[in-house]
file run.cif (mmCIF, C-alpha atoms and all ligand atoms)
data_upload
#
loop_
_atom_site.label_atom_id
_atom_site.label_comp_id
_atom_site.auth_asym_id
_atom_site.auth_seq_id
_atom_site.Cartn_x
_atom_site.Cartn_y
_atom_site.Cartn_z
CA MET N 229 -90.98 -6.06 -62.19
CA LYS N 230 -91.00 -7.19 -65.81
CA ILE N 231 -88.02 -7.94 -68.00
CA THR N 232 -88.09 -5.67 -71.05
CA ALA N 233 -84.81 -6.58 -72.79
CA ALA N 234 -82.20 -9.34 -72.86
CA ASP N 235 -79.04 -8.73 -74.88
CA VAL N 236 -75.86 -10.74 -75.46
CA ILE N 237 -72.50 -8.97 -75.56
CA VAL N 238 -69.45 -10.78 -76.94
CA THR N 239 -66.13 -9.07 -76.30
CA CYS N 240 -62.43 -9.95 -76.12
CA PRO N 241 -60.58 -7.58 -73.75
CA GLY N 242 -57.64 -9.99 -73.48
CA ARG N 243 -59.87 -13.04 -73.67
CA ASN N 244 -63.30 -13.83 -75.08
CA TYR N 245 -66.24 -13.24 -72.76
CA VAL N 246 -69.95 -13.65 -73.44
CA THR N 247 -72.11 -11.51 -71.16
CA LEU N 248 -75.89 -11.44 -70.83
CA LYS N 249 -77.52 -8.10 -70.02
CA ILE N 250 -81.07 -8.23 -68.66
CA THR N 251 -82.99 -4.96 -68.38
CA THR N 252 -86.21 -4.40 -66.41
CA GLU N 253 -89.11 -2.02 -66.98
CA ASP N 254 -87.71 0.19 -64.19
CA GLY N 255 -84.39 0.44 -65.99
CA LEU N 256 -82.44 -1.87 -63.68
CA VAL N 257 -79.72 -3.92 -65.35
CA GLY N 258 -78.46 -7.35 -64.31
CA TRP N 259 -75.32 -9.04 -65.69
CA GLY N 260 -74.64 -12.74 -66.19
CA ASP N 261 -71.52 -14.52 -67.51
CA ALA N 262 -72.20 -16.93 -70.41
CA THR N 263 -68.60 -17.70 -71.35
CA LEU N 264 -67.79 -21.26 -72.44
CA ASN N 265 -64.10 -21.22 -73.24
CA GLY N 266 -63.38 -22.24 -76.85
CA ARG N 267 -67.10 -22.66 -77.70
CA GLU N 268 -68.24 -19.11 -76.88
CA LEU N 269 -70.52 -18.46 -79.83
CA ALA N 270 -72.57 -21.62 -79.23
CA VAL N 271 -73.80 -20.16 -75.93
CA ALA N 272 -74.28 -16.71 -77.47
CA SER N 273 -76.56 -18.28 -80.08
CA TYR N 274 -78.39 -20.42 -77.52
CA LEU N 275 -79.18 -17.26 -75.58
CA ARG N 276 -79.98 -14.95 -78.49
CA ASP N 277 -81.95 -17.44 -80.55
CA HIS N 278 -83.67 -19.55 -77.91
CA VAL N 279 -83.65 -17.96 -74.44
CA CYS N 280 -83.77 -14.15 -74.70
CA PRO N 281 -87.17 -14.15 -76.48
CA LEU N 282 -88.60 -16.21 -73.59
CA LEU N 283 -87.45 -13.71 -70.97
CA ILE N 284 -89.31 -10.66 -72.27
CA GLY N 285 -92.31 -9.92 -70.05
CA ARG N 286 -91.32 -12.36 -67.29
CA ASN N 287 -91.17 -11.20 -63.67
CA ALA N 288 -87.46 -10.56 -62.98
CA THR N 289 -87.81 -11.49 -59.30
CA ARG N 290 -89.13 -15.03 -59.90
CA ILE N 291 -85.64 -16.56 -60.08
CA THR N 292 -86.52 -20.15 -59.18
CA ASP N 293 -89.45 -20.25 -61.56
CA THR N 294 -87.36 -18.89 -64.44
CA TRP N 295 -84.62 -21.43 -63.71
CA GLN N 296 -87.13 -24.28 -63.76
CA TYR N 297 -88.78 -22.88 -66.89
CA LEU N 298 -85.49 -22.84 -68.79
CA TYR N 299 -84.25 -26.21 -67.45
CA ARG N 300 -87.42 -28.29 -67.63
CA GLY N 301 -88.81 -26.30 -70.51
CA ALA N 302 -85.92 -27.05 -72.86
CA TYR N 303 -86.65 -30.82 -72.75
CA TRP N 304 -82.96 -31.35 -73.83
CA ARG N 305 -81.48 -30.92 -70.40
CA ARG N 306 -77.98 -30.35 -69.04
CA GLY N 307 -74.76 -30.11 -71.04
CA PRO N 308 -72.27 -27.25 -70.96
CA VAL N 309 -73.99 -25.00 -73.51
CA THR N 310 -77.46 -25.22 -71.97
CA MET N 311 -76.29 -24.92 -68.37
CA THR N 312 -73.95 -22.00 -69.12
CA ALA N 313 -76.84 -20.16 -70.78
CA ILE N 314 -79.18 -20.84 -67.85
CA ALA N 315 -76.42 -19.73 -65.47
CA ALA N 316 -76.13 -16.37 -67.22
CA VAL N 317 -79.86 -15.75 -66.83
CA ASP N 318 -79.83 -16.89 -63.21
CA VAL N 319 -76.87 -14.73 -62.18
CA ALA N 320 -78.30 -11.67 -63.97
CA LEU N 321 -81.57 -12.11 -62.06
CA TRP N 322 -79.74 -12.40 -58.72
CA ASP N 323 -77.90 -9.19 -59.65
CA ILE N 324 -81.24 -7.49 -60.33
CA LEU N 325 -82.76 -8.81 -57.09
CA GLY N 326 -79.83 -7.35 -55.18
CA LYS N 327 -80.28 -4.01 -56.89
CA ILE N 328 -84.02 -4.03 -56.15
CA SER N 329 -83.46 -4.84 -52.48
CA GLY N 330 -80.38 -2.68 -52.04
CA LEU N 331 -78.34 -5.63 -50.77
CA PRO N 332 -75.23 -7.45 -51.98
CA VAL N 333 -76.11 -10.92 -53.26
CA TYR N 334 -74.29 -12.72 -50.45
CA ARG N 335 -76.70 -11.17 -47.94
CA LEU N 336 -79.65 -12.43 -49.97
CA LEU N 337 -78.08 -15.90 -49.76
CA GLY N 338 -78.02 -15.90 -45.97
CA GLY N 339 -75.30 -13.41 -45.12
CA ALA N 340 -71.60 -13.68 -44.42
CA ALA N 341 -70.56 -17.03 -42.97
CA ARG N 342 -66.91 -15.89 -42.86
CA GLU N 343 -64.83 -12.72 -42.91
CA GLY N 344 -63.58 -13.34 -46.42
CA VAL N 345 -62.97 -15.92 -49.13
CA THR N 346 -59.63 -17.75 -49.03
CA VAL N 347 -58.28 -17.87 -52.57
CA TYR N 348 -55.37 -19.70 -54.12
CA GLY N 349 -53.09 -18.29 -56.79
CA HIS N 350 -51.21 -20.01 -59.62
CA ALA N 351 -47.44 -20.28 -59.21
CA ASN N 352 -45.47 -21.85 -62.04
CA GLY N 353 -42.04 -22.06 -63.59
CA SER N 354 -40.14 -23.54 -66.48
CA THR N 355 -37.80 -24.98 -63.80
CA ILE N 356 -38.23 -25.80 -60.11
CA GLU N 357 -36.05 -22.78 -59.29
CA GLU N 358 -38.38 -20.50 -61.23
CA LEU N 359 -41.36 -22.08 -59.48
CA LEU N 360 -39.82 -21.38 -56.06
CA THR N 361 -39.37 -17.72 -57.02
CA ASP N 362 -43.00 -17.54 -58.11
CA VAL N 363 -44.29 -19.22 -54.93
CA ALA N 364 -42.38 -16.61 -52.92
CA HIS N 365 -44.04 -13.91 -55.02
CA TYR N 366 -47.51 -15.19 -54.11
CA ARG N 367 -46.61 -15.73 -50.46
CA ASP N 368 -45.31 -12.16 -50.25
CA GLN N 369 -48.61 -10.91 -51.68
CA GLY N 370 -50.41 -12.56 -48.77
CA TYR N 371 -51.75 -15.70 -50.44
CA ARG N 372 -52.40 -18.48 -47.94
CA ALA N 373 -52.75 -21.17 -50.59
CA ILE N 374 -50.80 -21.64 -53.83
CA ARG N 375 -51.16 -23.99 -56.79
CA VAL N 376 -47.76 -25.28 -57.94
CA GLN N 377 -46.97 -26.34 -61.52
CA ALA N 378 -43.59 -26.64 -63.25
CA ALA N 379 -42.46 -27.79 -66.66
CA VAL N 380 -41.86 -31.54 -66.82
CA PRO N 381 -38.24 -32.12 -67.99
CA GLY N 382 -38.12 -33.59 -71.48
CA LEU N 383 -41.52 -32.27 -72.60
CA ASP N 384 -41.78 -29.27 -74.92
CA SER N 385 -44.82 -27.92 -73.08
CA THR N 386 -46.56 -28.56 -69.78
CA TYR N 387 -50.04 -27.59 -68.65
CA GLY N 388 -50.16 -24.57 -66.36
CA ILE N 389 -46.86 -23.01 -67.45
CA GLY N 390 -47.83 -19.73 -69.03
CA GLY N 391 -48.27 -16.03 -68.53
CA LYS N 392 -48.98 -14.80 -65.05
CA SER N 393 -52.65 -14.13 -65.47
CA ALA N 394 -53.15 -16.17 -68.62
CA GLY N 395 -52.19 -19.49 -67.06
CA HIS N 396 -53.24 -21.47 -70.07
CA THR N 397 -51.61 -21.16 -73.44
CA TYR N 398 -54.51 -20.94 -75.81
CA GLU N 399 -53.37 -18.77 -78.68
CA PRO N 400 -53.81 -20.42 -82.08
CA ALA N 401 -50.47 -21.83 -83.20
CA ASP N 402 -51.23 -22.40 -86.87
CA GLY N 403 -53.94 -20.22 -88.35
CA GLU N 404 -57.04 -20.91 -86.33
CA GLN N 405 -56.08 -24.41 -85.21
CA PRO N 406 -55.47 -25.30 -81.54
CA THR N 407 -51.94 -25.67 -80.19
CA GLU N 408 -50.89 -29.35 -79.89
CA ASN N 409 -49.09 -30.43 -76.72
CA VAL N 410 -47.30 -33.74 -76.01
CA TRP N 411 -47.76 -35.72 -72.82
CA ASP N 412 -45.61 -38.40 -71.11
CA THR N 413 -47.16 -39.95 -68.01
CA ALA N 414 -43.97 -41.64 -66.79
CA ALA N 415 -41.96 -38.41 -66.94
CA TYR N 416 -44.74 -36.57 -65.12
CA LEU N 417 -45.13 -39.12 -62.30
CA ASP N 418 -41.36 -39.07 -61.75
CA PHE N 419 -41.17 -35.28 -61.64
CA VAL N 420 -44.12 -34.07 -59.57
CA PRO N 421 -43.05 -35.48 -56.16
CA LYS N 422 -39.61 -33.88 -56.64
CA MET N 423 -41.26 -30.56 -57.49
CA VAL N 424 -43.57 -30.60 -54.47
CA ALA N 425 -40.78 -31.73 -52.16
CA ALA N 426 -38.67 -28.75 -53.24
CA VAL N 427 -41.54 -26.33 -52.53
CA ARG N 428 -42.26 -27.88 -49.11
CA ASP N 429 -38.59 -27.80 -48.23
CA GLU N 430 -38.31 -24.11 -49.14
CA PHE N 431 -41.57 -22.79 -47.67
CA GLY N 432 -42.24 -25.00 -44.68
CA PRO N 433 -45.17 -27.02 -43.44
CA THR N 434 -48.03 -24.53 -43.26
CA VAL N 435 -48.53 -23.02 -46.72
CA ARG N 436 -51.40 -24.81 -48.46
CA LEU N 437 -50.15 -26.41 -51.67
CA LEU N 438 -52.38 -27.50 -54.54
CA HIS N 439 -51.61 -29.18 -57.86
CA ASP N 440 -53.68 -29.63 -61.04
CA VAL N 441 -53.19 -32.88 -62.98
CA HIS N 442 -55.70 -31.72 -65.63
CA HIS N 443 -57.40 -35.05 -66.31
CA ARG N 444 -54.35 -36.91 -67.61
CA LEU N 445 -53.93 -40.03 -65.49
CA SER N 446 -55.63 -43.39 -65.19
CA PRO N 447 -57.23 -44.16 -61.81
CA ILE N 448 -54.36 -46.37 -60.64
CA GLU N 449 -51.77 -43.82 -61.82
CA ALA N 450 -53.66 -41.15 -59.88
CA GLY N 451 -53.49 -43.42 -56.84
CA GLN N 452 -49.74 -43.72 -57.31
CA LEU N 453 -49.38 -39.94 -57.60
CA GLY N 454 -51.48 -39.31 -54.50
CA LYS N 455 -49.48 -41.85 -52.49
CA SER N 456 -46.17 -40.35 -53.63
CA LEU N 457 -47.36 -36.90 -52.48
CA GLU N 458 -48.62 -37.98 -49.04
CA PRO N 459 -45.38 -36.98 -47.23
CA TYR N 460 -45.92 -33.37 -48.38
CA ARG N 461 -49.56 -33.08 -47.19
CA MET N 462 -51.09 -31.43 -50.23
CA PHE N 463 -54.26 -29.38 -49.83
CA TRP N 464 -55.49 -31.29 -52.89
CA ILE N 465 -54.66 -32.81 -56.22
CA GLU N 466 -57.13 -31.62 -58.84
CA ASP N 467 -58.73 -33.37 -61.82
CA SER N 468 -56.44 -36.39 -61.61
CA THR N 469 -58.52 -38.47 -64.06
CA PRO N 470 -61.05 -37.58 -66.79
CA ALA N 471 -63.91 -36.15 -64.75
CA GLU N 472 -66.87 -37.83 -66.39
CA ASP N 473 -65.94 -41.23 -64.87
CA GLN N 474 -67.16 -40.85 -61.29
CA SER N 475 -66.47 -44.46 -60.27
CA ALA N 476 -62.78 -43.98 -61.14
CA PHE N 477 -62.46 -42.07 -57.89
CA ARG N 478 -63.21 -45.24 -55.92
CA THR N 479 -59.94 -46.67 -57.20
CA ILE N 480 -57.99 -43.49 -56.44
CA ARG N 481 -59.50 -43.31 -52.94
CA GLN N 482 -58.47 -46.89 -52.18
CA HIS N 483 -54.82 -46.03 -52.75
CA THR N 484 -54.19 -42.61 -51.27
CA THR N 485 -55.13 -40.24 -48.46
CA THR N 486 -54.10 -37.16 -50.49
CA PRO N 487 -57.26 -34.99 -50.72
CA LEU N 488 -59.03 -35.06 -54.09
CA ALA N 489 -60.76 -32.27 -56.01
CA VAL N 490 -62.64 -32.38 -59.31
CA GLY N 491 -65.49 -30.67 -61.11
CA GLU N 492 -64.58 -27.65 -63.25
CA VAL N 493 -66.14 -29.31 -66.31
CA PHE N 494 -69.31 -30.42 -64.52
CA ASN N 495 -72.65 -28.88 -65.43
CA SER N 496 -75.11 -30.25 -62.89
CA VAL N 497 -75.48 -32.13 -59.63
CA TYR N 498 -75.96 -35.31 -61.66
CA ASP N 499 -72.31 -35.10 -62.77
CA CYS N 500 -71.12 -35.40 -59.17
CA ASN N 501 -73.84 -36.99 -57.03
CA GLN N 502 -71.93 -40.30 -56.80
CA LEU N 503 -68.69 -38.49 -56.00
CA ILE N 504 -70.42 -36.64 -53.18
CA THR N 505 -72.70 -39.26 -51.66
CA GLU N 506 -69.95 -41.93 -51.68
CA ARG N 507 -67.47 -39.38 -50.26
CA LEU N 508 -65.05 -40.07 -53.11
CA ILE N 509 -63.78 -36.49 -53.21
CA ASP N 510 -62.97 -33.81 -50.66
CA TYR N 511 -63.63 -30.68 -52.74
CA ILE N 512 -66.19 -30.08 -55.49
CA ARG N 513 -64.89 -27.60 -58.08
CA THR N 514 -68.04 -26.75 -60.03
CA SER N 515 -68.36 -23.11 -61.10
CA VAL N 516 -71.32 -20.74 -61.03
CA SER N 517 -71.25 -20.02 -64.74
CA HIS N 518 -70.96 -23.62 -65.98
CA THR N 519 -73.34 -25.21 -63.48
CA GLY N 520 -76.61 -23.39 -63.95
CA GLY N 521 -75.84 -20.31 -61.90
CA ILE N 522 -76.10 -19.49 -58.22
CA THR N 523 -79.44 -21.29 -57.90
CA HIS N 524 -78.16 -24.70 -59.01
CA LEU N 525 -74.63 -24.46 -57.61
CA ARG N 526 -76.18 -23.68 -54.22
CA ASP N 527 -78.00 -27.03 -54.51
CA VAL N 528 -74.75 -28.82 -55.40
CA PHE N 529 -72.99 -27.32 -52.38
CA ALA N 530 -75.94 -28.15 -50.12
CA LEU N 531 -75.72 -31.83 -51.11
CA ALA N 532 -71.95 -31.70 -50.62
CA ASN N 533 -72.43 -30.23 -47.16
CA VAL N 534 -74.48 -33.24 -46.09
CA TYR N 535 -71.56 -35.52 -46.93
CA GLY N 536 -68.71 -33.39 -45.59
CA VAL N 537 -67.48 -32.33 -49.04
CA ARG N 538 -66.35 -28.71 -49.31
CA SER N 539 -66.42 -26.22 -52.16
CA GLY N 540 -63.37 -25.33 -54.22
CA SER N 541 -64.78 -23.51 -57.21
CA HIS N 542 -63.03 -23.09 -60.52
CA GLY N 543 -61.90 -19.48 -60.94
CA ALA N 544 -59.64 -19.39 -63.97
CA GLY N 545 -59.41 -16.49 -66.38
CA ASP N 546 -61.88 -18.16 -68.70
CA LEU N 547 -64.65 -17.03 -66.34
CA SER N 548 -65.44 -13.34 -66.62
CA PRO N 549 -65.32 -10.90 -63.68
CA VAL N 550 -69.12 -11.22 -63.55
CA SER N 551 -68.75 -14.93 -62.89
CA PHE N 552 -65.94 -14.45 -60.40
CA ALA N 553 -67.97 -11.93 -58.41
CA SER N 554 -70.95 -14.30 -58.30
CA ALA N 555 -68.64 -17.05 -57.02
CA LEU N 556 -67.39 -14.81 -54.21
CA HIS N 557 -70.95 -14.00 -53.13
CA LEU N 558 -71.84 -17.71 -52.93
CA ASP N 559 -68.51 -18.55 -51.25
CA MET N 560 -69.25 -15.98 -48.53
CA ALA N 561 -72.62 -17.47 -47.65
CA ILE N 562 -72.35 -21.28 -47.76
CA PRO N 563 -71.44 -23.27 -44.64
CA ASN N 564 -69.06 -25.71 -46.39
CA PHE N 565 -66.78 -23.31 -48.22
CA GLY N 566 -63.33 -24.79 -48.82
CA ILE N 567 -61.27 -22.56 -51.10
CA GLN N 568 -61.69 -20.46 -54.24
CA GLU N 569 -59.39 -20.40 -57.28
CA TYR N 570 -58.34 -16.88 -58.29
CA MET N 571 -56.40 -16.44 -61.47
CA GLY N 572 -57.27 -12.85 -62.34
CA HIS N 573 -57.88 -11.55 -65.86
CA LEU N 574 -55.80 -10.41 -68.79
CA ASP N 575 -55.39 -6.74 -69.65
CA PRO N 576 -57.21 -4.67 -70.74
CA TRP N 577 -60.13 -6.29 -68.90
CA ARG N 578 -60.58 -3.31 -66.58
CA GLU N 579 -61.56 -1.12 -69.53
CA VAL N 580 -64.66 -3.29 -69.97
CA PHE N 581 -65.50 -4.54 -66.47
CA SER N 582 -65.61 -2.59 -63.20
CA VAL N 583 -65.65 -4.72 -60.05
CA GLY N 584 -66.26 -4.21 -56.35
CA TYR N 585 -64.36 -7.24 -55.08
CA THR N 586 -61.13 -6.70 -53.17
CA MET N 587 -58.32 -8.78 -51.66
CA HIS N 588 -56.59 -8.34 -48.32
CA ASP N 589 -54.21 -10.73 -46.57
CA GLY N 590 -55.12 -13.67 -48.81
CA LEU N 591 -58.88 -13.19 -48.37
CA MET N 592 -61.22 -11.76 -50.99
CA HIS N 593 -64.50 -9.96 -50.37
CA PRO N 594 -67.23 -9.33 -52.96
CA GLY N 595 -67.99 -5.83 -51.64
CA ASP N 596 -71.28 -4.43 -50.38
CA ALA N 597 -72.70 -2.73 -53.46
CA PRO N 598 -76.26 -3.87 -54.25
CA GLY N 599 -76.29 -6.95 -56.48
CA LEU N 600 -73.03 -8.47 -57.70
CA GLY N 601 -71.03 -5.24 -57.64
CA VAL N 602 -69.89 -5.67 -61.25
CA GLU N 603 -70.74 -3.52 -64.27
CA LEU N 604 -69.86 -3.79 -67.97
CA ASP N 605 -69.08 -0.79 -70.21
CA GLU N 606 -70.74 -1.62 -73.54
CA GLN N 607 -68.87 1.05 -75.51
CA ALA N 608 -65.56 -0.30 -74.24
CA ALA N 609 -66.66 -3.87 -74.97
CA ALA N 610 -67.37 -2.90 -78.59
CA ARG N 611 -63.72 -1.87 -79.00
CA TYR N 612 -62.63 -5.50 -78.42
CA PRO N 613 -64.48 -7.76 -80.87
CA TYR N 614 -64.58 -11.54 -80.60
CA GLN N 615 -61.45 -13.43 -81.68
CA PRO N 616 -61.58 -17.16 -82.47
CA GLN N 617 -59.48 -18.95 -79.85
CA TYR N 618 -59.18 -22.57 -78.84
CA LEU N 619 -57.82 -24.40 -75.86
CA PRO N 620 -54.86 -26.67 -76.73
CA VAL N 621 -55.20 -30.34 -77.53
CA ASN N 622 -52.89 -33.08 -76.27
CA ARG N 623 -51.17 -36.18 -77.72
CA LEU N 624 -49.00 -38.94 -76.30
CA THR N 625 -45.43 -39.25 -77.53
CA ASP N 626 -46.60 -41.83 -80.11
CA GLY N 627 -49.16 -39.40 -81.55
CA SER N 628 -52.27 -40.81 -79.85
CA MET N 629 -54.88 -38.23 -78.89
CA TRP N 630 -54.98 -37.69 -75.13
CA ASP N 631 -56.83 -35.58 -72.61
CA TRP N 632 -55.77 -31.95 -72.34
MG MG F 1 -58.18 -26.89 -63.17
#
call {"tool": "encode", "arguments": {"input": "run.cif", "output": "structure tokens"}}
result
Amino acid sequence: MKITAADVIVTCPGRNYVTLKITTEDGLVGWGDATLNGRELAVASYLRDHVCPLLIGRNATRITDTWQYLYRGAYWRRGPVTMTAIAAVDVALWDILGKISGLPVYRLLGGAAREGVTVYGHANGSTIEELLTDVAHYRDQGYRAIRVQAAVPGLDSTYGIGGKSAGHTYEPADGEQPTENVWDTAAYLDFVPKMVAAVRDEFGPTVRLLHDVHHRLSPIEAGQLGKSLEPYRMFWIEDSTPAEDQSAFRTIRQHTTTPLAVGEVFNSVYDCNQLITERLIDYIRTSVSHTGGITHLRDVFALANVYGVRSGSHGAGDLSPVSFASALHLDMAIPNFGIQEYMGHLDPWREVFSVGYTMHDGLMHPGDAPGLGVELDEQAAARYPYQPQYLPVNRLTDGSMWDW
């Protein structure tokens, strides 16, 4: 079945999303998410100018061959732009294969290995009291795992303290420039154990608690944080140091038994092979849409399975519903699933995307429609044109640039 068209749709129904639409000679349509938060148009151009022309006439069912063709054939391999573009093609072809076969993608991947996908929600507050109220809100909705973030006293802004489904503050503060935040490591390290202790005290020993450091600590500081949180038995601390330094996790591991998760900015198995094979982390957080699609992320999770590392995929609102659905299909089928982030999407996303995934009692299911179970309304998408938006940047209190 030949591919006859490949089109890129950029739309902003609450947030910018880049979506690839692949059409076959039989009129089947497959969707792939190509969103790279804050650098969206780079991937749109990569697809339109360099990838879409290569797809026309190819057999839509030769997914592995197309993946290899785009990865090896580019010569300039890896990197977020390239791997996000390849992911969009890959996911769209899995969607088409599901529609051809009449099966949901998770059944093509080996079938359900669990009843549903355990997801964690984002609780936050400008004070600990507000955070406790928000944790109760998620618990009452049935969530079995909750990420906890609260504003660090003395700082004007703290990562993770934002709108309910927005999570991140990313609106331009001054024209089209990114918002600038200020970071104080000492204040943070003093505050977080108090915050987690308050949540544990209020909600008891069994709710799974997660926390995202967002790449801000040195390895030894991350070790200190992990050790200080050991009494509260966290499910994980996430992204405790800048993720590109894999050997940093040796130092963290030497100093704490708090489980470690990292990987939302990774693009290939080569970003995390040391982390996995040396068992330096407990959860690998790579996402479908930034790691070369279902085909490559399945390889990452297979390697992780050999070493007892479990999945914990990124699922923030910067991934479109197409990406989130593809994550749920893969989560359903792999043996070493750990947990899945679920942040939801900003209104009016439902005008543009229709989805088949559902949530019940803290578990999500991708649905049983053929393919991914997600469709995009192009006329609705056209009503919400692209808007330039950046993620914030971060500085220390002395003005030094820091990791956001
Ligand atoms: Mg994160």
call {"tool": "atom_distance", "arguments": {"input": "run.cif", "atom1": "atom CA of N:Phe581", "atom2": "atom CA of N:Tyr612"}}
result
12.3 Å
call {"tool": "closest_atom_pairs", "arguments": {"input": "run.cif", "of": "chain N", "to": "ligand MG 1 (chain F)", "cutoff": "7 Å", "atoms": "only C-alpha atoms and all ligand atoms", "output": "JSON lines"}}
result
{"residue": "N:Asp440", "atom": "CA", "partner": "F:MG1", "partner_atom": "MG", "distance": 5.7}
{"residue": "N:His442", "atom": "CA", "partner": "F:MG1", "partner_atom": "MG", "distance": 6.0}
{"residue": "N:Glu466", "atom": "CA", "partner": "F:MG1", "partner_atom": "MG", "distance": 6.5}
{"residue": "N:Asp467", "atom": "CA", "partner": "F:MG1", "partner_atom": "MG", "distance": 6.6}
{"residue": "N:Glu492", "atom": "CA", "partner": "F:MG1", "partner_atom": "MG", "distance": 6.4}
{"residue": "N:His542", "atom": "CA", "partner": "F:MG1", "partner_atom": "MG", "distance": 6.7}
call {"tool": "residues_around", "arguments": {"input": "run.cif", "residues": "N:Gly595", "least_positions_apart": "2", "cutoff": "12 Å", "atoms": "all atoms listed in the file", "output": "ChimeraX atom specification"}}
result
/N:331-335,340,343-345,553-554,556-557,560,583-587,592-593,597-602
call {"tool": "residues_around", "arguments": {"input": "run.cif", "residues": "N:Arg507", "least_positions_apart": "2", "cutoff": "10 Å", "atoms": "all atoms listed in the file", "output": "list in words"}}
result
Phe477, Arg478, Arg481, Asn501, Gln502, Leu503, Ile504, Thr505, Ile509, Asp510, Tyr511, Ala532, Tyr535, Gly536 and Val537 of chain N
call {"tool": "closest_atom_pairs", "arguments": {"input": "run.cif", "of": "stretch 310-420 of chain N", "to": "stretch 232-253 of chain N", "cutoff": "8 Å", "atoms": "all atoms listed in the file", "output": "Markdown table"}}
result
| residue | atom | partner | partner_atom | distance |
| --- | --- | --- | --- | --- |
| N:Ala316 | CA | N:Leu248 | CA | 6.1 |
| N:Val317 | CA | N:Leu248 | CA | 7.1 |
| N:Ala320 | CA | N:Ile250 | CA | 6.4 |
| N:Leu321 | CA | N:Ile250 | CA | 7.7 |
call {"tool": "closest_residue", "arguments": {"input": "run.cif", "among": "N:Val441, N:His350, N:Leu457, N:Asn533", "to": "N:Tyr570", "atoms": "only C-alpha atoms"}}
result
N:His350
call {"tool": "residues_around", "arguments": {"input": "run.cif", "residues": "N:Phe565", "least_positions_apart": "3", "cutoff": "6 Å", "atoms": "all atoms listed in the file", "output": "list in words"}}
result
Arg538, Ser539, Asp559 and Ile562 of chain N
call {"tool": "closest_residue", "arguments": {"input": "run.cif", "among": "N:Glu408, N:Asp605, N:Glu579, N:Glu506", "to": "N:Leu624", "atoms": "all atoms listed in the file"}}
result
N:Glu408
